[in-house]
Amino acid sequence: MREKILAAIRRHVAAEYPNEACGVIIETGKQQRYIPCKNIADKPTGYFTLCPLDYAAAEALGEVIMVVHSHPDVVQLIPSEFDRIQCDHSGVEWGIMSWPDGDFCTISPRGERSLVGRRWVLGYADCWTLIMDYYRQHHGILLKNYSVQREWWIDGKENIYDDNWQAEGFVEVSSDAIRPGDMVMMQISAPVTNHAAIYLGDNTILHHNFGNLSARVPYGKYYRDRTVRVVRHKELLDA
């Protein structure tokens, strides 16, 4: 990266410290430029939310080719899984600068993430995210995103799964008639239905359990005892 742009990033990061700074690099013709943006996160010392109005204003000036933010007071500059997921969704490269060390690294979108071996990030890489990606990748079915950054199931006041599965085009089927591609809805250590998996056949499910890597596991007694219902998407009823 050009030293002129790195210098502009350093100035912005230093000015925002100890908060996380954020901005974008735009390209117009052969020229590149760093555009500082506002971090509107509730806790800017721990994470960033780039102001949408600032992003739109930068887009009006040129093509956004990189999103940049800082990691204040880190022992070592290592992109988090949350950074990587957000980079994946943005579709452009990300640049990260530590401060006050001033180290800089870049990461690129990974394309389609594997369904197995994903690290858990609540709201971004959890059981419903896996469900959405499975149906999109394998069946071209787009589901609404109900993943949120909170443990909504703890007090039983919210019932996101039970309230929305029918609206997403699923119909209940007998557990005796379960077949590959069906969604298994479960209640695990919670007063409401709070988990879902994909039945793969051969007594195996694909799921992303809280705090663990996504995995294929046996659909054994533990999960069967906690199953609330088995559902099949209406587009797969005659498949």
# chains A, B, ... in the order shown; residues from 1 in each chain; ligands from 1

$ residues_around --residues "Phe48 of chain A" --least-positions-apart "5" --cutoff "10 Å" --atoms "only C-alpha atoms" --output "list in words"
Asn19, Glu20, Ala21, Cys22, Lys38, Asn39, Ile40, Ala41, Asp42, Lys43, His69, Ser70 and His71 of chain A

$ write_last_selection --atoms "all heavy atoms" --output "compact mmCIF listing (two decimals), in the first residue's frame"
# COMPACT_ATOMS: atom_id res chain seq x y z
N ASN A 19 -10.49 4.95 20.90
CA ASN A 19 -11.60 4.34 20.16
C ASN A 19 -11.09 3.67 18.90
O ASN A 19 -10.00 4.01 18.40
CB ASN A 19 -12.63 5.39 19.77
CG ASN A 19 -13.38 5.94 20.96
OD1 ASN A 19 -13.41 5.33 22.03
ND2 ASN A 19 -13.98 7.11 20.80
N GLU A 20 -11.86 2.76 18.35
CA GLU A 20 -11.55 2.20 17.05
C GLU A 20 -11.89 3.23 15.99
O GLU A 20 -12.97 3.82 16.01
CB GLU A 20 -12.34 0.91 16.79
CG GLU A 20 -11.88 -0.27 17.61
CD GLU A 20 -12.38 -1.60 17.06
OE1 GLU A 20 -12.85 -1.63 15.89
OE2 GLU A 20 -12.30 -2.60 17.79
N ALA A 21 -10.95 3.45 15.09
CA ALA A 21 -11.19 4.33 13.95
C ALA A 21 -11.67 3.49 12.77
O ALA A 21 -11.40 2.29 12.70
CB ALA A 21 -9.91 5.07 13.57
N CYS A 22 -12.40 4.11 11.86
CA CYS A 22 -12.82 3.39 10.66
C CYS A 22 -12.90 4.34 9.49
O CYS A 22 -13.09 5.56 9.64
CB CYS A 22 -14.16 2.69 10.88
SG CYS A 22 -15.54 3.77 11.33
N LYS A 38 -17.01 8.13 10.45
CA LYS A 38 -17.36 8.12 11.87
C LYS A 38 -17.66 6.70 12.33
O LYS A 38 -18.31 5.92 11.62
CB LYS A 38 -18.57 9.01 12.14
CG LYS A 38 -18.30 10.49 11.96
CD LYS A 38 -19.47 11.33 12.42
CE LYS A 38 -20.66 11.21 11.47
NZ LYS A 38 -20.39 11.82 10.16
N ASN A 39 -17.20 6.38 13.54
CA ASN A 39 -17.54 5.13 14.20
C ASN A 39 -18.74 5.42 15.09
O ASN A 39 -18.62 6.11 16.10
CB ASN A 39 -16.35 4.62 15.01
CG ASN A 39 -16.67 3.34 15.77
OD1 ASN A 39 -17.79 2.82 15.71
ND2 ASN A 39 -15.70 2.83 16.51
N ILE A 40 -19.91 4.87 14.74
CA ILE A 40 -21.12 5.17 15.50
C ILE A 40 -21.51 4.02 16.44
O ILE A 40 -22.65 3.97 16.91
CB ILE A 40 -22.30 5.49 14.55
CG1 ILE A 40 -22.60 4.31 13.62
CG2 ILE A 40 -21.99 6.76 13.74
CD1 ILE A 40 -23.86 4.52 12.78
N ALA A 41 -20.57 3.13 16.73
CA ALA A 41 -20.85 2.01 17.64
C ALA A 41 -21.14 2.52 19.04
O ALA A 41 -20.64 3.57 19.47
CB ALA A 41 -19.65 1.05 17.67
N ASP A 42 -21.95 1.77 19.78
CA ASP A 42 -22.29 2.14 21.16
C ASP A 42 -21.05 2.10 22.06
O ASP A 42 -20.94 2.90 22.99
CB ASP A 42 -23.35 1.19 21.72
CG ASP A 42 -24.70 1.34 21.03
OD1 ASP A 42 -24.95 2.44 20.49
OD2 ASP A 42 -25.47 0.38 21.02
N LYS A 43 -20.16 1.15 21.79
CA LYS A 43 -18.92 1.03 22.56
C LYS A 43 -17.73 1.10 21.61
O LYS A 43 -17.14 0.08 21.24
CB LYS A 43 -18.91 -0.29 23.34
CG LYS A 43 -20.02 -0.38 24.37
CD LYS A 43 -19.99 -1.72 25.13
CE LYS A 43 -21.10 -1.81 26.15
NZ LYS A 43 -21.09 -3.13 26.86
N HIS A 69 -10.17 -0.31 9.56
CA HIS A 69 -10.45 0.05 10.95
C HIS A 69 -9.23 -0.28 11.80
O HIS A 69 -8.27 -0.89 11.34
CB HIS A 69 -11.71 -0.65 11.48
CG HIS A 69 -11.52 -2.10 11.81
ND1 HIS A 69 -11.40 -3.08 10.86
CD2 HIS A 69 -11.46 -2.75 13.01
CE1 HIS A 69 -11.27 -4.25 11.43
NE2 HIS A 69 -11.30 -4.09 12.75
N SER A 70 -9.27 0.15 13.06
CA SER A 70 -8.11 -0.03 13.94
C SER A 70 -8.42 -0.99 15.08
O SER A 70 -9.58 -1.18 15.45
CB SER A 70 -7.66 1.32 14.51
OG SER A 70 -8.67 1.90 15.32
N HIS A 71 -7.36 -1.59 15.61
CA HIS A 71 -7.43 -2.42 16.82
C HIS A 71 -6.57 -1.74 17.88
O HIS A 71 -5.35 -1.88 17.87
CB HIS A 71 -6.89 -3.83 16.53
CG HIS A 71 -7.85 -4.73 15.83
ND1 HIS A 71 -7.63 -6.08 15.69
CD2 HIS A 71 -9.05 -4.47 15.24
CE1 HIS A 71 -8.64 -6.62 15.03
NE2 HIS A 71 -9.50 -5.67 14.75

$ select_by_dssp --residues "segment 5-228 of chain A" --states "strand (DSSP E)" --output "JSON, numbers by chain"
{"A": [22, 23, 24, 25, 26, 27, 28, 31, 32, 33, 34, 35, 36, 37, 63, 64, 65, 66, 67, 68, 69, 70, 71, 72, 93, 94, 95, 96, 97, 98, 99, 104, 105, 106, 107, 170, 171, 172, 173, 183, 184, 185, 186, 195, 196, 197, 198, 199, 200, 201, 204, 205, 206, 207, 215, 216, 217, 218, 227, 228]}

$ closest_residue --among "A:Phe210, A:Tyr222, A:Tyr134, A:Tyr161" --to "Trp120 of chain A" --atoms "only C-alpha atoms"
A:Phe210

$ residues_around --residues "His89 of chain A" --least-positions-apart "6" --cutoff "12 Å" --atoms "only C-alpha atoms" --output "compact mmCIF listing (two decimals) with all heavy atoms, in the first residue's frame"
# COMPACT_ATOMS: atom_id res chain seq x y z
N VAL A 67 -12.21 -1.45 3.21
CA VAL A 67 -12.72 -0.93 4.48
C VAL A 67 -11.58 -1.03 5.48
O VAL A 67 -10.92 -2.07 5.58
CB VAL A 67 -13.94 -1.73 4.97
CG1 VAL A 67 -14.36 -1.27 6.36
CG2 VAL A 67 -15.10 -1.58 3.99
N PHE A 82 -14.78 -12.38 13.67
CA PHE A 82 -15.81 -11.39 13.39
C PHE A 82 -15.37 -10.47 12.26
O PHE A 82 -16.16 -10.15 11.36
CB PHE A 82 -16.10 -10.60 14.66
CG PHE A 82 -17.26 -9.63 14.55
CD1 PHE A 82 -18.40 -9.98 13.86
CD2 PHE A 82 -17.20 -8.39 15.15
CE1 PHE A 82 -19.48 -9.10 13.75
CE2 PHE A 82 -18.26 -7.50 15.07
CZ PHE A 82 -19.40 -7.86 14.35
N ASP A 83 -14.10 -10.04 12.28
CA ASP A 83 -13.56 -9.24 11.18
C ASP A 83 -13.69 -9.98 9.86
O ASP A 83 -14.11 -9.42 8.84
CB ASP A 83 -12.08 -8.91 11.41
CG ASP A 83 -11.84 -7.90 12.53
OD1 ASP A 83 -12.71 -7.04 12.74
OD2 ASP A 83 -10.78 -7.98 13.17
N SER A 108 -8.95 -10.63 2.82
CA SER A 108 -9.80 -10.63 1.64
C SER A 108 -11.04 -11.48 1.88
O SER A 108 -11.01 -12.41 2.69
CB SER A 108 -9.03 -11.18 0.43
OG SER A 108 -7.90 -10.40 0.14
N PRO A 109 -12.14 -11.18 1.20
CA PRO A 109 -13.34 -12.02 1.32
C PRO A 109 -13.03 -13.47 0.96
O PRO A 109 -12.29 -13.73 0.01
CB PRO A 109 -14.31 -11.39 0.31
CG PRO A 109 -13.84 -9.99 0.14
CD PRO A 109 -12.35 -10.05 0.28
N ARG A 110 -13.58 -14.40 1.71
CA ARG A 110 -13.28 -15.82 1.52
C ARG A 110 -14.25 -16.51 0.58
O ARG A 110 -14.09 -17.71 0.32
CB ARG A 110 -13.32 -16.54 2.88
CG ARG A 110 -12.25 -16.08 3.84
CD ARG A 110 -12.43 -16.69 5.22
NE ARG A 110 -13.63 -16.20 5.89
CZ ARG A 110 -13.92 -16.44 7.18
NH1 ARG A 110 -13.09 -17.17 7.91
NH2 ARG A 110 -15.01 -15.96 7.72
N GLY A 111 -15.24 -15.79 0.05
CA GLY A 111 -16.23 -16.44 -0.79
C GLY A 111 -17.15 -17.31 0.05
O GLY A 111 -17.41 -17.02 1.21
N GLU A 112 -17.63 -18.40 -0.52
CA GLU A 112 -18.52 -19.29 0.21
C GLU A 112 -17.77 -19.97 1.35
O GLU A 112 -16.78 -20.66 1.13
CB GLU A 112 -19.10 -20.35 -0.72
CG GLU A 112 -20.15 -19.82 -1.69
CD GLU A 112 -21.49 -19.55 -1.01
OE1 GLU A 112 -21.57 -19.59 0.24
OE2 GLU A 112 -22.47 -19.30 -1.74
N ARG A 113 -18.25 -19.77 2.57
CA ARG A 113 -17.64 -20.44 3.71
C ARG A 113 -18.09 -21.89 3.78
O ARG A 113 -19.24 -22.20 3.51
CB ARG A 113 -18.03 -19.73 5.01
CG ARG A 113 -17.31 -18.43 5.24
CD ARG A 113 -17.75 -17.83 6.57
NE ARG A 113 -19.12 -17.36 6.54
CZ ARG A 113 -19.87 -17.16 7.61
NH1 ARG A 113 -19.38 -17.43 8.81
NH2 ARG A 113 -21.10 -16.71 7.50
N TYR A 124 -23.66 -13.95 13.68
CA TYR A 124 -22.99 -13.94 12.38
C TYR A 124 -22.54 -15.34 11.93
O TYR A 124 -22.47 -15.61 10.73
CB TYR A 124 -21.76 -13.02 12.42
CG TYR A 124 -22.12 -11.59 12.66
CD1 TYR A 124 -22.18 -11.07 13.95
CD2 TYR A 124 -22.44 -10.73 11.61
CE1 TYR A 124 -22.53 -9.75 14.19
CE2 TYR A 124 -22.79 -9.41 11.83
CZ TYR A 124 -22.83 -8.93 13.13
OH TYR A 124 -23.19 -7.63 13.36
N ALA A 125 -22.25 -16.19 12.87
CA ALA A 125 -21.86 -17.58 12.55
C ALA A 125 -22.43 -18.44 13.66
O ALA A 125 -21.76 -18.76 14.63
CB ALA A 125 -20.35 -17.72 12.45

$ closest_residue --among "A:Leu122, A:Ile154, A:Cys37, A:Val231" --to "Glu168 of chain A" --atoms "only C-alpha atoms"
A:Val231

$ select_by_dssp --residues "segment 60-230 of chain A" --states "alpha helix (DSSP H)" --output "PyMOL selection string"
chain A and resi 60-61+81-90+127-139+160-164+221-225

$ write_last_selection --atoms "N, CA, C and O atoms" --output "compact mmCIF listing (two decimals), in the first residue's frame"
# COMPACT_ATOMS: atom_id res chain seq x y z
N ALA A 60 -19.92 8.00 -3.43
CA ALA A 60 -20.23 9.03 -4.43
C ALA A 60 -18.96 9.64 -5.02
O ALA A 60 -18.99 10.22 -6.11
N LEU A 61 -17.85 9.50 -4.29
CA LEU A 61 -16.58 10.07 -4.75
C LEU A 61 -15.76 9.10 -5.58
O LEU A 61 -14.87 9.51 -6.35
N GLU A 81 -12.31 -13.53 13.96
CA GLU A 81 -13.27 -14.20 13.09
C GLU A 81 -14.43 -13.26 12.74
O GLU A 81 -14.96 -13.32 11.62
N PHE A 82 -14.78 -12.38 13.67
CA PHE A 82 -15.81 -11.39 13.39
C PHE A 82 -15.37 -10.47 12.26
O PHE A 82 -16.16 -10.15 11.36
N ASP A 83 -14.10 -10.04 12.28
CA ASP A 83 -13.56 -9.24 11.18
C ASP A 83 -13.69 -9.98 9.86
O ASP A 83 -14.11 -9.42 8.84
N ARG A 84 -13.32 -11.26 9.86
CA ARG A 84 -13.34 -12.04 8.62
C ARG A 84 -14.75 -12.22 8.08
O ARG A 84 -14.99 -12.16 6.88
N ILE A 85 -15.70 -12.45 9.00
CA ILE A 85 -17.09 -12.62 8.56
C ILE A 85 -17.61 -11.33 7.96
O ILE A 85 -18.26 -11.33 6.91
N GLN A 86 -17.33 -10.20 8.61
CA GLN A 86 -17.79 -8.92 8.07
C GLN A 86 -17.12 -8.61 6.74
O GLN A 86 -17.74 -8.06 5.83
N CYS A 87 -15.85 -8.97 6.60
CA CYS A 87 -15.14 -8.81 5.33
C CYS A 87 -15.81 -9.65 4.25
O CYS A 87 -16.02 -9.19 3.13
N ASP A 88 -16.17 -10.89 4.60
CA ASP A 88 -16.86 -11.76 3.65
C ASP A 88 -18.12 -11.08 3.13
O ASP A 88 -18.41 -11.08 1.92
N HIS A 89 -18.91 -10.52 4.05
CA HIS A 89 -20.18 -9.91 3.68
C HIS A 89 -19.99 -8.62 2.87
O HIS A 89 -20.82 -8.28 2.02
N SER A 90 -18.92 -7.90 3.14
CA SER A 90 -18.69 -6.62 2.45
C SER A 90 -18.31 -6.81 0.99
O SER A 90 -18.60 -5.96 0.15
N CYS A 127 -26.26 -21.15 14.57
CA CYS A 127 -27.04 -22.23 13.96
C CYS A 127 -27.94 -21.72 12.84
O CYS A 127 -28.09 -22.38 11.81
N TRP A 128 -28.56 -20.54 13.01
CA TRP A 128 -29.44 -20.07 11.94
C TRP A 128 -28.65 -19.61 10.72
O TRP A 128 -29.09 -19.80 9.58
N THR A 129 -27.48 -19.02 10.93
CA THR A 129 -26.63 -18.65 9.80
C THR A 129 -26.30 -19.88 8.97
O THR A 129 -26.32 -19.85 7.73
N LEU A 130 -25.99 -20.98 9.65
CA LEU A 130 -25.69 -22.23 8.96
C LEU A 130 -26.90 -22.74 8.19
O LEU A 130 -26.78 -23.20 7.05
N ILE A 131 -28.08 -22.66 8.80
CA ILE A 131 -29.31 -23.08 8.13
C ILE A 131 -29.50 -22.27 6.85
O ILE A 131 -29.79 -22.83 5.77
N MET A 132 -29.37 -20.95 6.94
CA MET A 132 -29.54 -20.09 5.77
C MET A 132 -28.56 -20.47 4.67
O MET A 132 -28.95 -20.58 3.49
N ASP A 133 -27.30 -20.64 5.03
CA ASP A 133 -26.28 -20.94 4.03
C ASP A 133 -26.50 -22.31 3.40
O ASP A 133 -26.26 -22.50 2.20
N TYR A 134 -26.93 -23.28 4.19
CA TYR A 134 -27.19 -24.62 3.65
C TYR A 134 -28.27 -24.56 2.57
O TYR A 134 -28.08 -25.07 1.46
N TYR A 135 -29.40 -23.94 2.88
CA TYR A 135 -30.50 -23.92 1.91
C TYR A 135 -30.16 -23.08 0.68
O TYR A 135 -30.58 -23.41 -0.43
N ARG A 136 -29.38 -22.02 0.88
CA ARG A 136 -28.98 -21.21 -0.28
C ARG A 136 -28.00 -21.98 -1.17
O ARG A 136 -28.15 -22.01 -2.39
N GLN A 137 -27.00 -22.62 -0.54
CA GLN A 137 -25.97 -23.31 -1.31
C GLN A 137 -26.50 -24.57 -1.99
O GLN A 137 -26.15 -24.87 -3.13
N HIS A 138 -27.33 -25.34 -1.29
CA HIS A 138 -27.75 -26.64 -1.80
C HIS A 138 -29.06 -26.62 -2.56
O HIS A 138 -29.29 -27.49 -3.41
N HIS A 139 -29.92 -25.64 -2.28
CA HIS A 139 -31.25 -25.65 -2.90
C HIS A 139 -31.65 -24.32 -3.53
O HIS A 139 -32.74 -24.23 -4.09
N ILE A 160 -38.10 -16.73 18.67
CA ILE A 160 -37.78 -16.42 17.28
C ILE A 160 -38.00 -17.62 16.35
O ILE A 160 -38.55 -17.48 15.26
N TYR A 161 -37.61 -18.80 16.79
CA TYR A 161 -37.75 -19.97 15.92
C TYR A 161 -39.22 -20.35 15.73
O TYR A 161 -39.71 -20.51 14.61
N ASP A 162 -39.95 -20.52 16.85
CA ASP A 162 -41.34 -20.94 16.75
C ASP A 162 -42.22 -19.91 16.07
O ASP A 162 -43.23 -20.26 15.44
N ASP A 163 -41.87 -18.64 16.17
CA ASP A 163 -42.69 -17.59 15.58
C ASP A 163 -42.50 -17.43 14.08
O ASP A 163 -43.34 -16.80 13.42
N ASN A 164 -41.41 -18.00 13.52
CA ASN A 164 -41.08 -17.64 12.14
C ASN A 164 -40.88 -18.80 11.17
O ASN A 164 -40.78 -18.57 9.96
N LYS A 221 -29.61 -39.98 20.76
CA LYS A 221 -30.65 -39.82 21.77
C LYS A 221 -30.68 -38.40 22.34
O LYS A 221 -31.76 -37.84 22.57
N TYR A 222 -29.51 -37.79 22.56
CA TYR A 222 -29.45 -36.46 23.15
C TYR A 222 -30.26 -35.47 22.30
O TYR A 222 -31.10 -34.72 22.82
N TYR A 223 -30.01 -35.45 20.99
CA TYR A 223 -30.70 -34.51 20.12
C TYR A 223 -32.13 -34.94 19.82
O TYR A 223 -33.02 -34.09 19.69
N ARG A 224 -32.37 -36.23 19.74
CA ARG A 224 -33.74 -36.70 19.49
C ARG A 224 -34.66 -36.33 20.67
O ARG A 224 -35.81 -35.93 20.47
N ASP A 225 -34.15 -36.46 21.88
CA ASP A 225 -34.96 -36.13 23.06
C ASP A 225 -35.28 -34.65 23.13
O ASP A 225 -36.24 -34.25 23.81

$ atom_distance --atom1 "atom CA of His12 of chain A" --atom2 "atom CA of Gly123 of chain A"
29.3 Å

$ residues_around --residues "Gly117 of chain A" --least-positions-apart "4" --cutoff "9 Å" --atoms "only C-alpha atoms" --output "list in words"
His208, Asn212, Leu213, Ser214 and Ala215 of chain A

$ atom_distance --atom1 "atom CA of Arg179 of chain A" --atom2 "atom CA of Lys144 of chain A"
23.0 Å
